[in-house]
>>> print(open('model_0.txt').read())   # compact mmCIF, C-alpha atoms
# COMPACT_ATOMS: atom_id res chain seq x y z
CA MET A 10 188.26 15.08 172.56
CA GLN A 11 189.16 18.71 172.16
CA ARG A 12 187.57 20.83 169.47
CA LEU A 13 189.39 21.16 166.18
CA THR A 14 189.14 24.74 165.03
CA GLY A 15 189.82 26.30 161.65
CA ALA A 16 189.32 29.79 160.24
CA ARG A 17 185.55 29.41 159.72
CA VAL A 18 184.55 25.98 161.00
CA MET A 19 185.17 23.73 163.93
CA LEU A 20 184.79 20.01 164.42
CA ARG A 21 183.05 19.29 167.69
CA GLU A 22 181.13 16.56 169.44
CA PHE A 23 177.48 16.17 168.50
CA ARG A 24 174.73 17.82 170.53
CA GLN A 25 171.03 17.06 170.88
CA GLU A 26 170.21 20.33 169.09
CA ASP A 27 171.99 19.03 165.96
CA LEU A 28 168.91 16.93 165.18
CA SER A 29 167.26 19.59 163.00
CA GLY A 30 170.53 20.10 161.11
CA ILE A 31 170.80 16.39 160.39
CA ARG A 32 167.16 16.34 159.31
CA SER A 33 167.95 19.11 156.80
CA TRP A 34 170.06 16.74 154.69
CA VAL A 35 169.07 13.19 155.59
CA ASN A 36 166.09 13.20 153.19
CA ASP A 37 167.44 15.72 150.69
CA TYR A 38 167.83 13.84 147.40
CA ASP A 39 170.66 16.04 146.07
CA THR A 40 172.66 15.28 149.22
CA VAL A 41 171.93 11.61 149.89
CA ARG A 42 172.21 10.42 146.28
CA PHE A 43 175.99 10.36 146.78
CA LEU A 44 175.86 8.55 150.15
CA GLY A 45 175.68 4.89 151.01
CA ALA A 46 172.83 2.42 150.72
CA GLY A 47 171.50 3.43 154.16
CA TYR A 48 170.08 6.57 152.58
CA VAL A 49 168.20 4.99 149.68
CA ARG A 50 164.87 5.27 151.50
CA PRO A 51 163.50 8.30 153.32
CA GLN A 52 164.32 8.39 157.01
CA SER A 53 161.69 9.04 159.66
CA TRP A 54 162.18 11.55 162.46
CA GLU A 55 162.52 8.65 164.91
CA GLN A 56 165.23 6.99 162.78
CA THR A 57 167.20 10.24 162.72
CA GLU A 58 166.80 10.60 166.50
CA SER A 59 168.09 7.06 166.96
CA TYR A 60 171.06 7.78 164.68
CA LEU A 61 171.91 10.94 166.65
CA MET A 62 171.64 9.03 169.93
CA SER A 63 174.15 6.46 168.64
CA LEU A 64 176.53 9.34 167.88
CA LEU A 65 175.94 10.97 171.27
CA ASN A 66 176.48 7.65 173.09
CA GLY A 67 179.64 6.79 171.13
CA GLU A 68 178.03 3.68 169.63
CA ALA A 69 178.60 4.58 165.98
CA GLY A 70 182.19 3.29 165.81
CA GLY A 71 185.09 5.38 164.59
CA VAL A 72 185.38 9.13 165.07
CA HIS A 73 182.29 11.18 164.16
CA LEU A 74 182.27 14.94 164.62
CA ALA A 75 179.84 17.69 163.79
CA VAL A 76 181.06 20.39 161.41
CA ALA A 77 179.94 23.66 162.97
CA ASP A 78 180.26 27.37 162.31
CA ARG A 79 183.19 28.60 164.39
CA GLU A 80 181.36 31.69 165.66
CA THR A 81 177.79 30.50 166.15
CA LYS A 82 178.55 26.78 166.77
CA ARG A 83 175.60 26.02 164.42
CA TYR A 84 175.64 22.56 162.84
CA LEU A 85 176.72 22.65 159.18
CA GLY A 86 177.29 18.94 158.55
CA GLN A 87 179.48 16.14 159.77
CA CYS A 88 182.81 14.47 159.18
CA GLY A 89 184.06 11.09 160.30
CA LEU A 90 186.79 8.50 160.23
CA MET A 91 185.53 4.94 160.05
CA MET A 92 187.09 1.51 159.75
CA ILE A 93 190.08 2.74 161.76
CA ASP A 94 192.84 0.14 161.64
CA HIS A 95 195.52 1.06 164.18
CA THR A 96 197.81 -1.76 163.03
CA ALA A 97 197.86 -0.68 159.37
CA ARG A 98 197.36 2.96 160.52
CA ARG A 99 194.55 3.77 158.10
CA ALA A 100 190.93 4.95 158.16
CA GLU A 101 188.13 5.82 155.77
CA LEU A 102 186.94 9.43 155.59
CA ALA A 103 183.32 10.48 155.16
CA VAL A 104 181.88 13.99 155.04
CA VAL A 105 178.42 15.39 154.40
CA LEU A 106 177.16 18.96 154.55
CA ALA A 107 173.63 20.28 154.96
CA PRO A 108 172.26 21.77 151.71
CA ASP A 109 172.49 25.36 152.98
CA SER A 110 176.16 24.83 153.87
CA ALA A 111 177.33 23.33 150.57
CA ASN A 112 179.53 25.18 148.07
CA ARG A 113 180.97 27.58 150.66
CA GLY A 114 184.35 25.98 151.38
CA TYR A 115 183.23 24.46 154.69
CA GLY A 116 183.81 20.92 153.48
CA ARG A 117 187.36 21.60 152.41
CA GLU A 118 188.17 23.20 155.76
CA ALA A 119 186.49 20.36 157.68
CA ILE A 120 188.46 17.76 155.71
CA ALA A 121 191.71 19.62 156.40
CA LEU A 122 190.95 19.61 160.14
CA MET A 123 190.04 15.92 160.09
CA LEU A 124 193.24 15.05 158.21
CA GLU A 125 195.29 16.95 160.78
CA TYR A 126 193.53 14.99 163.53
CA ALA A 127 194.03 11.68 161.66
CA PHE A 128 197.74 12.18 161.05
CA MET A 129 198.79 14.11 164.16
CA GLN A 130 196.52 12.71 166.90
CA LEU A 131 195.67 9.20 165.68
CA ASN A 132 199.10 8.74 164.03
CA LEU A 133 197.57 7.29 160.90
CA ASN A 134 199.58 6.79 157.73
CA ARG A 135 196.72 6.71 155.20
CA VAL A 136 193.23 8.13 154.88
CA PHE A 137 191.09 6.84 152.03
CA LEU A 138 187.58 7.20 150.64
CA GLN A 139 185.27 6.15 147.85
CA VAL A 140 183.29 8.70 145.88
CA HIS A 141 180.72 8.37 143.10
CA ALA A 142 182.49 8.88 139.76
CA ASP A 143 179.77 11.35 138.74
CA ASN A 144 180.27 13.52 141.86
CA ALA A 145 182.72 15.92 140.19
CA ARG A 146 182.35 18.58 142.90
CA ALA A 147 183.40 16.19 145.67
CA ILE A 148 186.28 14.77 143.63
CA HIS A 149 187.54 18.32 143.03
CA VAL A 150 187.39 19.12 146.77
CA TYR A 151 189.19 15.90 147.72
CA GLU A 152 191.93 16.61 145.18
CA LYS A 153 192.31 20.16 146.57
CA CYS A 154 192.76 18.56 150.00
CA GLY A 155 195.60 16.39 148.64
CA PHE A 156 193.81 13.13 147.88
CA LYS A 157 195.04 11.18 144.87
CA ARG A 158 192.97 8.97 142.60
CA GLU A 159 194.06 5.41 143.28
CA GLY A 160 191.66 3.40 141.19
CA CYS A 161 188.15 2.73 140.02
CA LEU A 162 185.68 0.18 141.28
CA ARG A 163 183.49 -0.46 138.27
CA ALA A 164 179.70 -0.46 138.71
CA HIS A 165 180.18 -0.22 142.49
CA PHE A 166 177.14 1.91 143.40
CA TYR A 167 173.56 1.49 142.25
CA ARG A 168 171.33 4.56 142.23
CA ASP A 169 168.44 5.80 140.12
CA GLY A 170 168.26 2.60 138.08
CA ARG A 171 171.89 2.56 136.99
CA TYR A 172 175.31 1.44 138.14
CA ILE A 173 177.93 4.06 138.93
CA ASP A 174 181.68 3.59 139.27
CA ALA A 175 183.41 4.42 142.54
CA VAL A 176 186.62 6.44 142.45
CA GLN A 177 188.99 5.21 145.14
CA MET A 178 191.05 8.08 146.57
CA GLY A 179 193.66 8.30 149.30
CA ILE A 180 196.24 10.51 150.93
CA LEU A 181 199.38 9.36 152.72
CA ARG A 182 200.84 11.08 155.75
CA GLY A 183 204.01 12.01 153.85
CA GLU A 184 201.97 13.65 151.07
CA TRP A 185 199.94 15.58 153.63
CA GLU A 186 203.10 16.72 155.47
CA SER A 187 204.75 17.82 152.23
CA ALA A 188 201.69 19.82 151.14
CA ARG A 189 201.48 21.39 154.60
CA GLU A 190 205.15 22.42 154.48
CA ASP A 191 204.70 23.89 151.00
CA ALA A 192 201.68 25.91 152.17
CA GLU A 193 203.53 27.19 155.23
CA SER A 194 206.65 28.18 153.24
CA GLY A 195 204.45 29.89 150.62
CA ALA A 196 202.64 31.86 153.32
CA ALA A 197 205.94 32.82 154.96
CA SER A 198 207.38 34.17 151.68
CA ARG A 199 204.47 36.56 151.12
>>> encode(input="model_0.txt", output="structure tokens")
Amino acid sequence: MQRLTGARVMLREFRQEDLSGIRSWVNDYDTVRFLGAGYVRPQSWEQTESYLMSLLNGEAGGVHLAVADRETKRYLGQCGLMMIDHTARRAELAVVLAPDSANRGYGREAIALMLEYAFMQLNLNRVFLQVHADNARAIHVYEKCGFKREGCLRAHFYRDGRYIDAVQMGILRGEWESAREDAESGAASR
């Protein structure tokens, strides 16, 4: 797979040296509290190494790419498409950034690159995701990237002794193309 490059970030294959970057978020409560059940308990160094090896060996399923600084190639986080269904032409998006990379616009740029890959290279028609209803920052970023709220799964997640709703979000290829055309025509008129 070729690298996907934006203004400040790139999506690239994982490297062995990404281990310390993954370790920076995998046990960070403020990061993992919005992730799946696999991150409820602290992860040992060996578990993280095993996870990285599955990514390096292509055993993780789907498309998983490291989000890296375009200039330094330093690991900032990761982005992936899972549950790819080539018949229905859909996939689920997941993104996570290391704590020192959050709130800098890297996630939005990484999502834009992954959507371009999903729609232009994989020829998907729909990309969807689930996000904790109390993760306002992520919901805002997904909406800025063109995702629409499609529904609510009540009491879907359980964290910190309480149930949390999941907001189901999605973007269709036609919506993405329309937003892309609008952005290009707006940039051309300046």
>>> atom_distance(input="model_0.txt", atom1="CA of Leu106 in chain A", atom2="CA of Leu28 in chain A")
13.6 Å
>>> closest_residue(input="model_0.txt", among="A:Ile120, A:Val41, A:Leu181, A:Ala111", to="Arg99 in chain A", atoms="only C-alpha atoms")
A:Leu181
>>> residues_around(input="model_0.txt", residues="Ile180 in chain A", least_positions_apart="6", cutoff="9 Å", atoms="only C-alpha atoms", output="PyMOL selection string")
chain A and resi 134-137+154-157
>>> write_last_selection(input="model_0.txt", atoms="C-alpha atoms", output="compact mmCIF listing (two decimals), in the frame of the given file")
# COMPACT_ATOMS: atom_id res chain seq x y z
CA ASN A 134 199.58 6.79 157.73
CA ARG A 135 196.72 6.71 155.20
CA VAL A 136 193.23 8.13 154.88
CA PHE A 137 191.09 6.84 152.03
CA CYS A 154 192.76 18.56 150.00
CA GLY A 155 195.60 16.39 148.64
CA PHE A 156 193.81 13.13 147.88
CA LYS A 157 195.04 11.18 144.87
>>> residues_near_point(input="model_0.txt", point="(180.6, 14.5, 151.9)", cutoff="10 Å", atoms="only C-alpha atoms", output="list in words")
Thr40, Val41, Phe43, Leu44, Gly86, Gln87, Cys88, Gly89, Leu102, Ala103, Val104, Val105, Leu106, Ala107, Ala111, Gly116, Arg117, Ile120, Val140, Ala147, Val150 and Tyr151 of chain A
>>> write_last_selection(input="model_0.txt", atoms="C-alpha atoms", output="PDB file, keeping the file's coordinate frame")
ATOM      1  CA  THR A  40     172.660  15.280 149.220  1.00  0.00           C
ATOM      2  CA  VAL A  41     171.930  11.610 149.890  1.00  0.00           C
ATOM      3  CA  PHE A  43     175.990  10.360 146.780  1.00  0.00           C
ATOM      4  CA  LEU A  44     175.860   8.550 150.150  1.00  0.00           C
ATOM      5  CA  GLY A  86     177.290  18.940 158.550  1.00  0.00           C
ATOM      6  CA  GLN A  87     179.480  16.140 159.770  1.00  0.00           C
ATOM      7  CA  CYS A  88     182.810  14.470 159.180  1.00  0.00           C
ATOM      8  CA  GLY A  89     184.060  11.090 160.300  1.00  0.00           C
ATOM      9  CA  LEU A 102     186.940   9.430 155.590  1.00  0.00           C
ATOM     10  CA  ALA A 103     183.320  10.480 155.160  1.00  0.00           C
ATOM     11  CA  VAL A 104     181.880  13.990 155.040  1.00  0.00           C
ATOM     12  CA  VAL A 105     178.420  15.390 154.400  1.00  0.00           C
ATOM     13  CA  LEU A 106     177.160  18.960 154.550  1.00  0.00           C
ATOM     14  CA  ALA A 107     173.630  20.280 154.960  1.00  0.00           C
ATOM     15  CA  ALA A 111     177.330  23.330 150.570  1.00  0.00           C
ATOM     16  CA  GLY A 116     183.810  20.920 153.480  1.00  0.00           C
ATOM     17  CA  ARG A 117     187.360  21.600 152.410  1.00  0.00           C
ATOM     18  CA  ILE A 120     188.460  17.760 155.710  1.00  0.00           C
ATOM     19  CA  VAL A 140     183.290   8.700 145.880  1.00  0.00           C
ATOM     20  CA  ALA A 147     183.400  16.190 145.670  1.00  0.00           C
ATOM     21  CA  VAL A 150     187.390  19.120 146.770  1.00  0.00           C
ATOM     22  CA  TYR A 151     189.190  15.900 147.720  1.00  0.00           C
TER      23      TYR A 151
END
>>> closest_residue(input="model_0.txt", among="A:Val72, A:Val176, A:Ala77, A:Leu13", to="Glu26 in chain A", atoms="all atoms listed in the file")
A:Ala77
>>> closest_residue(input="model_0.txt", among="A:Ile173, A:Leu61, A:Val35, A:Val18", to="Val49 in chain A", atoms="all atoms listed in the file")
A:Val35
>>> atom_distance(input="model_0.txt", atom1="CA of Glu55 in chain A", atom2="CA of Ile31 in chain A")
12.2 Å
>>> closest_residue(input="model_0.txt", among="A:Glu186, A:Glu152, A:Glu58, A:Glu125", to="Gly30 in chain A", atoms="all atoms listed in the file")
A:Glu58
>>> atom_distance(input="model_0.txt", atom1="CA of Gly170 in chain A", atom2="CA of Gly45 in chain A")
15.1 Å
>>> residues_around(input="model_0.txt", residues="Asp174 in chain A", least_positions_apart="4", cutoff="6 Å", atoms="only C-alpha atoms", output="number ranges by chain")
A: 142, 162-165
>>> closest_residue(input="model_0.txt", among="A:Arg17, A:Arg113, A:Arg32, A:Arg42", to="His141 in chain A", atoms="all atoms listed in the file")
A:Arg42
>>> closest_residue(input="model_0.txt", among="A:Asp109, A:Met91, A:Tyr126, A:Arg21", to="Gly70 in chain A", atoms="all atoms listed in the file")
A:Met91
>>> residues_around(input="model_0.txt", residues="Glu159 in chain A", least_positions_apart="4", cutoff="7 Å", atoms="only C-alpha atoms", output="PyMOL selection string")
chain A and resi 177-179
>>> residues_around(input="model_0.txt", residues="Gln25 in chain A", least_positions_apart="2", cutoff="12 Å", atoms="all atoms listed in the file", output="PyMOL selection string")
chain A and resi 22-23+27-31+57-66+75+83-84
>>> axis_aligned_box(input="model_0.txt", around="range 126-144 of chain A", padding_each_side="4 Å", output="AutoDock Vina command-line options")
--center_x 189.7 --center_y 10.6 --center_z 152.8 --size_x 27.8 --size_y 16.8 --size_z 36.2
